[in-house]
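Raw contents of work_26.tsv, TSV, C-alpha atoms:
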chain	number	residue	atom	x	y	z
A	1	MET	CA	80.14	-105.02	0.64
A	2	MET	CA	78.69	-108.46	-0.05
A	3	THR	CA	81.80	-110.47	0.61
A	4	THR	CA	83.14	-112.40	3.58
A	5	ASP	CA	86.48	-113.84	4.56
A	6	GLU	CA	84.97	-116.87	6.28
A	7	PRO	CA	85.27	-120.32	4.68
A	8	MET	CA	82.50	-121.02	2.23
A	9	MET	CA	80.73	-124.02	0.80
A	10	ASP	CA	81.18	-125.02	-2.80
A	11	VAL	CA	78.09	-123.66	-4.54
A	12	ASP	CA	77.89	-126.84	-6.64
A	13	GLU	CA	77.17	-128.76	-3.43
A	14	VAL	CA	74.09	-126.70	-2.58
A	15	PRO	CA	70.86	-128.47	-3.60
A	16	VAL	CA	68.73	-126.24	-5.81
A	17	ALA	CA	65.43	-127.10	-7.46
A	18	ALA	CA	65.50	-126.99	-11.23
A	19	ASP	CA	61.86	-125.92	-11.72
A	20	GLY	CA	62.34	-122.28	-10.68
A	21	THR	CA	60.66	-122.66	-7.28
A	22	GLU	CA	63.95	-122.91	-5.45
A	23	ASP	CA	64.05	-125.28	-2.51
A	24	ILE	CA	64.97	-123.69	0.78
A	25	SER	CA	67.11	-125.70	3.15
A	26	ALA	CA	69.58	-125.16	5.94
A	27	GLU	CA	72.36	-125.53	3.37
A	28	THR	CA	71.04	-122.99	0.87
A	29	LEU	CA	70.19	-120.47	3.59
A	30	ALA	CA	73.61	-120.91	5.19
A	31	GLN	CA	75.25	-120.16	1.85
A	32	TYR	CA	73.03	-117.12	1.35
A	33	TYR	CA	73.83	-115.69	4.78
A	34	GLN	CA	77.50	-116.51	4.36
A	35	ARG	CA	78.03	-114.82	1.03
A	36	LEU	CA	75.11	-112.58	0.09
A	37	PHE	CA	73.22	-111.08	3.03
A	38	PRO	CA	74.39	-107.43	3.41
A	39	PHE	CA	75.27	-107.58	7.11
A	40	SER	CA	77.52	-104.52	7.09
A	41	VAL	CA	74.92	-102.15	5.65
A	42	PHE	CA	72.20	-103.85	7.70
A	43	TYR	CA	74.11	-103.04	10.89
A	44	GLN	CA	74.70	-99.45	9.79
A	45	TRP	CA	70.97	-99.08	9.22
A	46	LEU	CA	69.83	-100.28	12.64
A	47	ASN	CA	72.70	-98.56	14.46
A	48	TYR	CA	71.84	-95.36	12.58
A	49	LYS	CA	75.33	-94.67	11.31
A	50	ALA	CA	76.94	-94.40	14.76
A	51	HIS	CA	80.64	-95.36	14.78
A	52	THR	CA	80.24	-97.62	17.83
A	53	PRO	CA	77.31	-99.81	18.90
A	54	THR	CA	74.50	-97.84	20.53
A	55	SER	CA	71.37	-98.89	22.36
A	56	LEU	CA	69.52	-98.44	19.08
A	57	PHE	CA	71.18	-101.70	18.08
A	58	THR	CA	72.16	-103.46	21.31
A	59	HIS	CA	68.66	-103.03	22.80
A	60	ARG	CA	66.88	-104.00	19.58
A	61	GLU	CA	64.84	-107.19	19.49
A	62	PHE	CA	65.40	-109.69	16.71
A	63	SER	CA	63.47	-112.90	16.31
A	64	PHE	CA	64.43	-115.95	14.28
A	65	THR	CA	62.33	-118.76	12.84
A	66	ILE	CA	64.38	-121.95	12.58
A	67	ASN	CA	63.86	-125.68	12.02
A	68	ASP	CA	60.45	-125.52	10.38
A	69	GLY	CA	58.67	-123.29	12.87
A	70	ILE	CA	60.69	-122.90	16.08
A	71	TYR	CA	60.33	-119.22	16.96
A	72	LEU	CA	63.10	-117.54	18.94
A	73	ARG	CA	62.06	-114.15	20.33
A	74	TYR	CA	63.98	-111.51	22.30
A	75	GLN	CA	67.31	-112.08	20.62
A	76	SER	CA	69.79	-109.19	20.88
A	77	PHE	CA	73.43	-108.58	20.06
A	78	LYS	CA	76.31	-106.42	21.24
A	79	ASP	CA	77.33	-105.49	17.69
A	80	GLY	CA	76.93	-106.35	14.02
A	81	ASP	CA	79.61	-109.04	14.10
A	82	GLU	CA	77.79	-110.98	16.82
A	83	LEU	CA	74.54	-110.77	14.84
A	84	HIS	CA	76.38	-111.95	11.74
A	85	ARG	CA	77.83	-115.00	13.52
A	86	GLU	CA	74.54	-116.02	15.09
A	87	VAL	CA	72.57	-115.72	11.87
A	88	GLN	CA	75.16	-117.81	10.06
A	89	ARG	CA	75.05	-120.40	12.84
A	90	LEU	CA	71.25	-120.69	12.93
A	91	ALA	CA	70.51	-120.07	9.23
A	92	PRO	CA	66.97	-118.88	10.07
A	93	SER	CA	64.23	-119.24	7.52
A	94	LYS	CA	62.91	-115.87	8.68
A	95	ILE	CA	64.25	-112.85	10.57
A	96	ASP	CA	61.86	-110.40	12.21
A	97	ILE	CA	62.81	-106.99	13.57
A	98	GLY	CA	61.18	-105.58	16.68
A	99	ALA	CA	61.45	-102.57	18.92
A	100	VAL	CA	64.29	-100.96	20.82
A	101	PHE	CA	63.77	-101.69	24.53
A	102	THR	CA	64.86	-100.17	27.81
A	103	ALA	CA	67.28	-103.09	28.24
A	104	GLN	CA	68.85	-105.77	26.10
A	105	PRO	CA	66.06	-108.16	25.08
A	106	ARG	CA	68.15	-111.25	25.79
A	107	ASN	CA	68.13	-110.22	29.47
A	108	ALA	CA	64.37	-109.69	29.60
A	109	LYS	CA	63.59	-112.66	31.86
A	110	SER	CA	66.00	-111.46	34.54
A	111	LEU	CA	64.52	-107.97	34.82
A	112	GLN	CA	61.96	-106.70	37.31
A	113	PRO	CA	58.36	-106.38	36.05
A	114	GLY	CA	57.90	-103.06	34.28
A	115	ALA	CA	61.63	-102.55	33.75
A	116	PHE	CA	61.54	-104.02	30.27
A	117	ARG	CA	59.43	-102.07	27.82
A	118	PRO	CA	59.66	-100.89	24.19
A	119	VAL	CA	60.71	-97.28	23.68
A	120	ALA	CA	61.36	-96.85	19.97
A	121	LYS	CA	60.89	-98.46	16.57
A	122	GLU	CA	60.55	-97.41	12.98
A	123	LEU	CA	57.01	-96.48	11.98
A	124	VAL	CA	56.06	-99.39	9.74
A	125	PHE	CA	53.29	-100.17	7.29
A	126	ASP	CA	52.18	-103.44	5.70
A	127	VAL	CA	50.04	-103.69	2.57
A	128	ASP	CA	48.99	-107.24	1.71
A	129	MET	CA	47.28	-108.29	-1.49
A	130	THR	CA	44.81	-110.57	0.31
A	131	ASP	CA	43.07	-107.45	1.64
A	132	TYR	CA	42.06	-106.72	-1.98
A	133	ASP	CA	40.39	-110.08	-2.53
A	134	ASP	CA	36.92	-108.49	-2.63
A	135	VAL	CA	38.11	-106.29	-5.52
A	136	ARG	CA	40.62	-108.23	-7.59
A	137	THR	CA	39.26	-110.81	-10.01
A	138	CYS	CA	42.51	-112.14	-11.45
A	139	CYS	CA	43.81	-113.88	-8.31
A	140	GLN	CA	42.80	-114.77	-4.76
A	141	GLY	CA	44.55	-115.62	-1.52
A	142	GLY	CA	48.31	-115.96	-1.69
A	143	SER	CA	48.46	-115.73	-5.49
A	144	ILE	CA	49.45	-112.57	-7.34
A	145	CYS	CA	50.02	-111.59	-10.97
A	146	LYS	CA	51.20	-108.50	-12.79
A	147	LEU	CA	47.63	-107.26	-13.07
A	148	CYS	CA	46.83	-107.15	-9.37
A	149	TRP	CA	50.36	-106.03	-8.43
A	150	ARG	CA	49.30	-102.63	-9.73
A	151	PHE	CA	47.27	-102.22	-6.52
A	152	MET	CA	50.62	-102.20	-4.71
A	153	ILE	CA	51.93	-99.53	-7.07
A	154	VAL	CA	49.01	-97.25	-6.19
A	155	ALA	CA	49.44	-98.02	-2.49
A	156	MET	CA	53.11	-97.05	-2.54
A	157	HIS	CA	52.43	-93.80	-4.37
A	158	VAL	CA	49.54	-92.78	-2.08
A	159	VAL	CA	51.14	-93.68	1.25
A	160	ASP	CA	54.59	-92.39	0.31
A	161	ARG	CA	53.32	-88.97	-0.68
A	162	ALA	CA	51.08	-88.69	2.39
A	163	LEU	CA	53.92	-89.55	4.75
A	164	ARG	CA	56.23	-87.05	3.07
A	165	GLU	CA	53.83	-84.19	2.37
A	166	ASP	CA	51.40	-84.42	5.30
A	167	PHE	CA	53.78	-85.57	8.04
A	168	GLY	CA	57.09	-84.29	6.74
A	169	PHE	CA	58.83	-87.65	7.00
A	170	GLU	CA	61.85	-88.07	4.74
A	171	LYS	CA	63.56	-91.39	5.54
A	172	LEU	CA	61.21	-93.91	3.92
A	173	MET	CA	62.29	-97.35	2.76
A	174	TRP	CA	59.87	-99.56	0.83
A	175	VAL	CA	60.50	-103.31	0.73
A	176	TYR	CA	58.89	-106.10	-1.28
A	177	SER	CA	57.56	-108.69	1.16
A	178	GLY	CA	58.81	-111.58	-1.00
A	179	ARG	CA	55.37	-112.82	-1.90
A	180	ARG	CA	52.23	-110.68	-2.14
A	181	GLY	CA	52.77	-107.26	-0.63
A	182	VAL	CA	54.99	-104.39	0.43
A	183	HIS	CA	56.31	-102.96	3.68
A	184	CYS	CA	57.30	-99.39	4.47
A	185	TRP	CA	59.88	-98.47	7.12
A	186	VAL	CA	59.79	-94.81	8.22
A	187	CYS	CA	63.14	-94.18	9.85
A	188	ASP	CA	62.96	-90.49	10.81
A	189	GLU	CA	63.89	-89.96	14.46
A	190	ARG	CA	60.51	-88.50	15.39
A	191	ALA	CA	58.73	-91.40	13.67
A	192	ARG	CA	60.77	-93.90	15.67
A	193	ALA	CA	59.86	-92.06	18.90
A	194	LEU	CA	56.08	-92.27	18.39
A	195	ASP	CA	54.17	-94.17	21.08
A	196	ASP	CA	51.24	-96.48	20.34
A	197	ALA	CA	48.75	-93.60	20.42
A	198	GLY	CA	50.78	-91.62	17.90
A	199	ARG	CA	51.15	-94.62	15.60
A	200	LYS	CA	47.44	-95.30	15.82
A	201	ALA	CA	46.71	-91.69	14.84
A	202	VAL	CA	48.91	-91.97	11.75
A	203	ALA	CA	47.33	-95.30	10.79
A	204	LYS	CA	43.83	-93.89	11.22
A	205	TYR	CA	44.72	-90.86	9.13
A	206	LEU	CA	45.86	-93.10	6.28
A	207	SER	CA	42.94	-95.56	6.48
A	208	MET	CA	39.92	-94.79	4.37
A	209	VAL	CA	38.35	-98.13	3.39
A	210	ARG	CA	36.38	-99.40	6.37
A	211	GLY	CA	33.97	-102.27	6.90
A	212	GLY	CA	33.87	-106.02	6.45
A	213	ALA	CA	32.71	-108.18	3.57
A	214	GLU	CA	29.07	-107.66	4.55
A	215	GLN	CA	29.31	-103.87	4.10
A	216	SER	CA	28.75	-102.79	0.51
A	217	ARG	CA	29.81	-99.14	0.76
A	218	LYS	CA	33.10	-98.81	2.62
A	219	VAL	CA	33.93	-95.21	1.76
A	220	ASN	CA	31.33	-92.50	2.37
A	221	LEU	CA	32.96	-89.10	2.63
A	222	SER	CA	31.24	-85.85	3.46
A	223	GLN	CA	31.79	-82.84	1.21
A	224	ARG	CA	34.26	-81.42	3.75
A	225	GLN	CA	36.19	-84.68	4.01
A	226	ALA	CA	36.33	-85.06	0.23
A	227	ALA	CA	38.04	-81.65	0.03
A	228	HIS	CA	40.83	-82.61	2.44
A	229	PRO	CA	44.27	-82.28	0.78
A	230	HIS	CA	45.12	-85.95	1.46
A	231	VAL	CA	41.89	-87.09	-0.21
A	232	THR	CA	42.24	-84.81	-3.23
A	233	ARG	CA	45.89	-85.82	-3.72
A	234	SER	CA	45.01	-89.51	-3.37
A	235	MET	CA	42.23	-89.08	-5.94
A	236	GLU	CA	44.69	-87.50	-8.38
A	237	ILE	CA	46.90	-90.58	-8.07
A	238	ILE	CA	43.99	-93.01	-8.29
A	239	GLU	CA	42.47	-91.30	-11.32
A	240	GLU	CA	45.70	-91.97	-13.21
A	241	TYR	CA	45.42	-95.73	-12.63
A	242	PHE	CA	41.72	-96.43	-12.03
A	243	GLU	CA	40.45	-97.25	-15.49
A	244	ASP	CA	43.37	-99.49	-16.39
A	245	ILE	CA	43.40	-101.39	-13.10
A	246	ILE	CA	39.74	-101.64	-12.11
A	247	LEU	CA	37.86	-101.51	-15.40
A	248	VAL	CA	40.32	-103.01	-17.90
A	249	ASP	CA	42.56	-105.38	-15.92
A	250	GLN	CA	40.07	-106.50	-13.28
A	251	GLU	CA	36.88	-106.02	-15.37
A	252	ILE	CA	34.99	-105.26	-12.16
A	253	LEU	CA	31.63	-105.03	-14.00
A	254	LEU	CA	32.08	-107.86	-16.51
A	255	THR	CA	29.60	-110.36	-15.04
A	256	GLN	CA	26.40	-110.02	-13.04
A	257	GLU	CA	28.11	-111.49	-10.00
A	258	ARG	CA	30.70	-108.72	-10.17
A	259	TRP	CA	28.47	-105.77	-11.00
A	260	THR	CA	25.99	-106.75	-8.28
A	261	LYS	CA	28.68	-106.07	-5.66
A	262	VAL	CA	29.29	-102.59	-7.05
A	263	LEU	CA	25.61	-101.75	-7.48
A	264	ALA	CA	24.96	-102.81	-3.88
A	265	ALA	CA	26.82	-99.67	-2.80
A	266	LEU	CA	24.38	-97.44	-4.66
A	267	PRO	CA	22.01	-95.74	-2.18
A	268	ASP	CA	19.11	-95.89	-4.65
A	269	GLU	CA	17.21	-99.15	-5.08
A	270	GLU	CA	15.38	-98.06	-8.22
A	271	LEU	CA	18.65	-97.12	-9.91
A	272	ARG	CA	20.22	-100.43	-8.90
A	273	LYS	CA	17.37	-102.37	-10.50
A	274	THR	CA	17.44	-100.26	-13.67
A	275	LEU	CA	21.15	-100.73	-14.23
A	276	ASP	CA	21.03	-104.43	-13.42
A	277	ALA	CA	18.25	-104.97	-15.95
A	278	GLN	CA	20.04	-102.88	-18.57
A	279	TRP	CA	23.33	-104.75	-18.17
A	280	SER	CA	21.62	-108.15	-18.06
A	281	LYS	CA	20.30	-107.45	-21.56
A	282	HIS	CA	23.79	-106.56	-22.79
A	283	PRO	CA	26.18	-108.49	-20.53
A	284	ASP	CA	28.99	-108.48	-23.08
A	285	ARG	CA	29.53	-104.73	-22.79
A	286	SER	CA	32.86	-103.81	-21.26
A	287	SER	CA	33.34	-102.61	-17.70
A	288	VAL	CA	34.48	-99.25	-19.08
A	289	GLU	CA	31.15	-98.82	-20.87
A	290	LYS	CA	29.11	-100.00	-17.89
A	291	TRP	CA	30.96	-97.72	-15.50
A	292	SER	CA	30.31	-94.73	-17.75
A	293	GLU	CA	26.62	-95.61	-17.97
A	294	MET	CA	26.39	-96.01	-14.20
A	295	ILE	CA	28.06	-92.67	-13.44
A	296	ASP	CA	25.90	-90.85	-16.00
A	297	ALA	CA	22.79	-92.35	-14.41
A	298	VAL	CA	24.00	-91.47	-10.91
A	299	ASP	CA	24.74	-87.88	-11.92
A	300	ARG	CA	21.29	-87.46	-13.44
A	301	ARG	CA	19.62	-88.85	-10.33
A	302	ALA	CA	21.81	-86.75	-8.03
A	303	ASN	CA	20.82	-83.56	-9.85
A	304	LYS	CA	17.18	-84.43	-9.19
A	305	ARG	CA	17.46	-85.67	-5.61
A	306	GLY	CA	20.35	-83.67	-4.18
A	307	ALA	CA	23.60	-84.59	-2.47
A	308	LYS	CA	21.96	-85.67	0.78
A	309	PHE	CA	21.19	-89.09	-0.69
A	310	GLY	CA	24.89	-89.88	-1.15
A	311	LEU	CA	24.73	-89.95	-4.93
A	312	ALA	CA	26.82	-86.86	-5.69
A	313	SER	CA	29.90	-88.38	-4.07
A	314	PHE	CA	29.29	-91.93	-5.28
A	315	GLU	CA	31.84	-91.96	-8.11
A	316	HIS	CA	34.74	-90.66	-6.02
A	317	ASP	CA	33.81	-92.81	-3.03
A	318	MET	CA	33.73	-95.95	-5.17
A	319	MET	CA	37.02	-95.13	-6.88
A	320	LEU	CA	38.58	-94.82	-3.45
A	321	GLN	CA	36.90	-97.97	-2.18
A	322	LEU	CA	38.13	-100.04	-5.11
A	323	THR	CA	41.67	-98.64	-5.37
A	324	TYR	CA	42.80	-96.85	-2.18
A	325	PRO	CA	45.53	-98.59	-0.10
A	326	ARG	CA	44.38	-101.15	2.44
A	327	LEU	CA	46.75	-101.12	5.39
A	328	ASP	CA	47.12	-103.74	8.09
A	329	GLU	CA	46.63	-101.27	10.95
A	330	ASN	CA	47.78	-103.72	13.63
A	331	VAL	CA	51.27	-103.75	12.14
A	332	THR	CA	51.47	-99.97	12.39
A	333	THR	CA	49.78	-99.21	15.69
A	334	HIS	CA	51.73	-101.40	18.11
A	335	LEU	CA	55.28	-100.42	19.03
A	336	ASN	CA	56.02	-104.02	20.03
A	337	HIS	CA	54.89	-105.52	16.70
A	338	LEU	CA	57.63	-107.28	14.74
A	339	LEU	CA	58.05	-107.06	10.99
A	340	LYS	CA	59.95	-109.26	8.56
A	341	SER	CA	63.45	-108.03	7.86
A	342	PRO	CA	64.59	-106.77	4.48
A	343	PHE	CA	66.70	-109.35	2.60
A	344	CYS	CA	64.93	-112.34	4.16
A	345	VAL	CA	64.12	-115.19	1.79
A	346	HIS	CA	60.38	-115.80	1.70
A	347	PRO	CA	59.74	-119.48	2.50
A	348	LYS	CA	56.73	-119.72	0.14
A	349	THR	CA	58.42	-118.29	-2.93
A	350	GLY	CA	62.17	-118.39	-2.40
A	351	ARG	CA	62.29	-114.71	-3.34
A	352	VAL	CA	64.37	-112.19	-1.43
A	353	CYS	CA	62.59	-109.31	0.32
A	354	THR	CA	64.21	-106.53	-1.68
A	355	PRO	CA	64.11	-102.75	-1.19
A	356	ILE	CA	62.15	-100.73	-3.75
A	357	ALA	CA	63.59	-97.34	-4.63
A	358	SER	CA	61.10	-94.48	-4.33
A	359	ASP	CA	61.51	-93.66	-8.02
A	360	CYS	CA	60.89	-97.27	-9.07
A	361	PHE	CA	57.37	-97.92	-7.79
A	362	ASP	CA	55.96	-98.32	-11.30
A	363	SER	CA	58.86	-100.28	-12.75
A	364	PHE	CA	59.43	-102.73	-9.89
A	365	ASP	CA	58.47	-106.25	-10.93
A	366	PRO	CA	57.98	-108.73	-8.05
A	367	PHE	CA	58.51	-111.61	-10.47
A	368	GLN	CA	62.01	-110.35	-11.16
A	369	ALA	CA	62.98	-110.20	-7.49
A	370	PRO	CA	65.96	-112.54	-7.02
A	371	MET	CA	65.27	-116.11	-5.96
A	372	LEU	CA	67.52	-118.02	-3.61
A	373	GLY	CA	68.46	-120.75	-6.06
A	374	GLN	CA	69.00	-118.22	-8.84
A	375	LEU	CA	71.45	-116.29	-6.66
A	376	LEU	CA	73.38	-119.41	-5.71
A	377	ARG	CA	73.71	-120.39	-9.36
A	378	GLU	CA	74.93	-116.90	-10.20
A	379	LEU	CA	77.69	-117.33	-7.64
A	380	ASN	CA	79.07	-120.15	-9.80
A	381	SER	CA	80.09	-117.72	-12.49
A	382	GLY	CA	80.88	-114.55	-10.57
A	383	SER	CA	81.31	-112.74	-7.29
A	384	PRO	CA	78.51	-111.69	-4.93
A	385	ASP	CA	78.72	-108.19	-6.39
A	386	SER	CA	77.87	-109.55	-9.85
A	387	THR	CA	74.65	-111.31	-8.78
A	388	SER	CA	71.16	-109.97	-9.38
A	389	LEU	CA	70.97	-109.08	-5.67
A	390	ALA	CA	73.66	-106.41	-6.03
A	391	GLU	CA	71.37	-103.71	-7.42
A	392	TYR	CA	69.05	-104.08	-4.42
A	393	VAL	CA	71.96	-103.93	-1.99
A	394	ASN	CA	72.99	-100.72	-3.74
A	395	THR	CA	69.47	-99.35	-3.28
A	396	PHE	CA	69.67	-100.27	0.40
A	397	SER	CA	73.11	-98.69	0.77
A	398	SER	CA	71.94	-95.49	-0.88
A	399	PHE	CA	69.05	-95.28	1.56
A	400	VAL	CA	71.27	-95.92	4.58
A	401	ASP	CA	73.62	-93.20	3.35
A	402	THR	CA	70.80	-90.71	3.96
A	403	LEU	CA	70.61	-91.64	7.65
A	404	LEU	CA	73.39	-89.33	8.76
A	405	PRO	CA	72.72	-87.91	12.24
A	406	VAL	CA	70.39	-84.95	11.91
A	407	GLN	CA	68.14	-83.04	14.29
A	408	ASP	CA	64.61	-83.72	13.15
A	409	ALA	CA	62.08	-80.99	13.72
A	410	LYS	CA	59.53	-81.84	16.37
A	411	LEU	CA	56.24	-83.23	15.17
A	412	SER	CA	53.96	-80.49	16.43
A	413	GLN	CA	50.64	-81.96	15.45
A	414	ILE	CA	49.34	-84.92	13.52
A	415	PRO	CA	47.08	-83.72	10.69
A	416	SER	CA	43.37	-84.18	11.30
A	417	LEU	CA	41.12	-86.22	9.04
A	418	GLU	CA	38.01	-87.31	10.93
A	419	PHE	CA	35.73	-89.91	9.40

I need this file expressed as structure tokens, please.
Amino acid sequence: MMTTDEPMMDVDEVPVAADGTEDISAETLAQYYQRLFPFSVFYQWLNYKAHTPTSLFTHREFSFTINDGIYLRYQSFKDGDELHREVQRLAPSKIDIGAVFTAQPRNAKSLQPGAFRPVAKELVFDVDMTDYDDVRTCCQGGSICKLCWRFMIVAMHVVDRALREDFGFEKLMWVYSGRRGVHCWVCDERARALDDAGRKAVAKYLSMVRGGAEQSRKVNLSQRQAAHPHVTRSMEIIEEYFEDIILVDQEILLTQERWTKVLAALPDEELRKTLDAQWSKHPDRSSVEKWSEMIDAVDRRANKRGAKFGLASFEHDMMLQLTYPRLDENVTTHLNHLLKSPFCVHPKTGRVCTPIASDCFDSFDPFQAPMLGQLLRELNSGSPDSTSLAEYVNTFSSFVDTLLPVQDAKLSQIPSLEF
């Protein structure tokens, strides 16, 4: 339900910017938390469908950002109603969710050293568009557009299938970050029980692009590694999107500045010079044409020189390097790391952090995610259930409905993929 019996402000009194970049204030946030935030389903999620409050909720850390940057950590609550009241009172600009601890986080300062430690949390993943800045040509930094958003589509497909098929996880919730990325919450019991070492192993398994800006070739798989089921499945997904995203949308080989970065990964200096000279004579040729010419030249050279020079795997390695998901491993590997809550309002965009259904990766449009001011205006002419947030609350509710108590099979062994 998205309704409340508490007294509410007149929506006409809430200041809202008219230019579409809705202003965020204590008043607008208070109205949002009062009438729209799905507290009931939110509580069911973090209490994992138990009929009474359990330590999964009461020992969970929440943090709030209030008053332009004041950060309140180690907040905890006895039940969903207490959380609801405190959030409405504070109207935080951001809510972060942390781990479940051995004791209630609000009592942390009164406990003996070592008595307060994290013991459980969802296995979480963060994919941020800024990590693609060396690849995308349409935007940089905090900006995104529909062209580069397709990197997120590939990331969701690749990571989702790996988590389900390689690890057997089932309870996955994807959430738009509200600005330039996506988060994944893996809620299976055995995922929540993983320690830092287990989380690090999963993150390492899913990470394939390695190296800083100074490193030209960031994927260099052996023949055995390239045959791993996770790699072959990821390549199947990437092949479906690669030409459209990398060669057509991003035009990765359009200019000499761009193609030089790609050619730098070629382990053959003579071939690099030949292709650079050839493309400099015909710079107006499309990236699709240049890519085809490059791969044909690489294949011919590989047949002459053999696979040991790294040419035979060049095409697949570069497709992975340019398109494979780039995870923020620190978010995943530390049990005590906090992550922004679903249904927060992003302070830079005014957009709500909305769940993304697993069958809607391709159709989800971040520019259609509800904005705070938009939602408040919609309340003028209807109920909370008639606003554009309702469909995302329904997606959330449907996911939470799957979290009925079940006995998860033990995770016997994390799959091996050594790089």

> Leaving out A:Gly69 and any residue of its chain fewer than 5 positions from it, which residues lie within 10 Å of it when counting all atoms listed in the file, given as a ChimeraX atom specification?
Replying inline: /A:64,92-94

> Between A:Thr130, A:Thr349, A:Ser287, A:Thr232, which has the minimum distance to A:Leu253 (counting only C-alpha atoms)?
Replying inline: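 The closest residue to A:Leu253 is A:Ser287.
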
Identify, on the basis of all atoms listed in the file, every residue whose closest approach to stretch 289-292 of chain A does not exceed 10 Å; exclude the query and any residue fewer than 2 positions from it along the same chain; express the result as a PDB file with C-alpha atoms, in the frame of the given file.
ATOM      1  CA  GLU A 243      40.450 -97.250 -15.490  1.00  0.00           C
ATOM      2  CA  LEU A 247      37.860-101.510 -15.400  1.00  0.00           C
ATOM      3  CA  ILE A 252      34.990-105.260 -12.160  1.00  0.00           C
ATOM      4  CA  LEU A 253      31.630-105.030 -14.000  1.00  0.00           C
ATOM      5  CA  LEU A 254      32.080-107.860 -16.510  1.00  0.00           C
ATOM      6  CA  TRP A 259      28.470-105.770 -11.000  1.00  0.00           C
ATOM      7  CA  VAL A 262      29.290-102.590  -7.050  1.00  0.00           C
ATOM      8  CA  LEU A 275      21.150-100.730 -14.230  1.00  0.00           C
ATOM      9  CA  GLN A 278      20.040-102.880 -18.570  1.00  0.00           C
ATOM     10  CA  TRP A 279      23.330-104.750 -18.170  1.00  0.00           C
ATOM     11  CA  HIS A 282      23.790-106.560 -22.790  1.00  0.00           C
ATOM     12  CA  PRO A 283      26.180-108.490 -20.530  1.00  0.00           C
ATOM     13  CA  ASP A 284      28.990-108.480 -23.080  1.00  0.00           C
ATOM     14  CA  ARG A 285      29.530-104.730 -22.790  1.00  0.00           C
ATOM     15  CA  SER A 286      32.860-103.810 -21.260  1.00  0.00           C
ATOM     16  CA  SER A 287      33.340-102.610 -17.700  1.00  0.00           C
ATOM     17  CA  MET A 294      26.390 -96.010 -14.200  1.00  0.00           C
ATOM     18  CA  ILE A 295      28.060 -92.670 -13.440  1.00  0.00           C
ATOM     19  CA  ASP A 296      25.900 -90.850 -16.000  1.00  0.00           C
ATOM     20  CA  ALA A 297      22.790 -92.350 -14.410  1.00  0.00           C
ATOM     21  CA  VAL A 298      24.000 -91.470 -10.910  1.00  0.00           C
ATOM     22  CA  GLU A 315      31.840 -91.960  -8.110  1.00  0.00           C
TER      23      GLU A 315
END

>> The residues within 8 Å of (75.2, -104.2, 12.1), using all atoms listed in the file and the coordinates of the file, should be reported as a PyMOL selection string; which are they?
In response: chain A and resi 39-47+57+79-81+83-84

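For the residues A:Pro53, A:Pro325, A:Gly211, A:Gly168, ranking by smallest atom-to-atom distance to A:Ala155 using only C-alpha atoms places A:Pro325 first.
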
> Given the choices A:Thr260, A:Asn67, A:Thr54, A:Ser383, which gets closest to A:Ile24 if the distance is worked out from only C-alpha atoms?
Replying inline: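 Nearest candidate to A:Ile24 out of A:Thr260, A:Asn67, A:Thr54, A:Ser383: A:Asn67.
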
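Between atom CA of A:Leu194 and atom CA of A:Tyr176 there is a distance of 24.2 Å.
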
>> Around (54.4, -104.2, 6.9), as given in the file, which residues come within 10 Å? Count all atoms listed in the file and list them as a PyMOL selection string.
In response: chain A and resi 123-128+174-177+181-185+327-332+337-341

>> Just checking: using all atoms listed in the file, which residue out of A:Tyr32, A:Tyr71, A:Tyr132, A:Phe169 ends up closest to A:Phe151?
In response: A:Tyr132

> Nearest to A:Pro370: which of A:Arg179, A:Arg60, A:Arg300, A:Arg199 is it, counting only C-alpha atoms?
Replying inline: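 Of all the options, A:Arg179 lies closest to A:Pro370.
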
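Among the candidate residues A:Val231, A:Leu335, A:Ile66, A:Ile356, the one lying nearest to A:Ile97 is A:Leu335, with distances computed using all atoms listed in the file.
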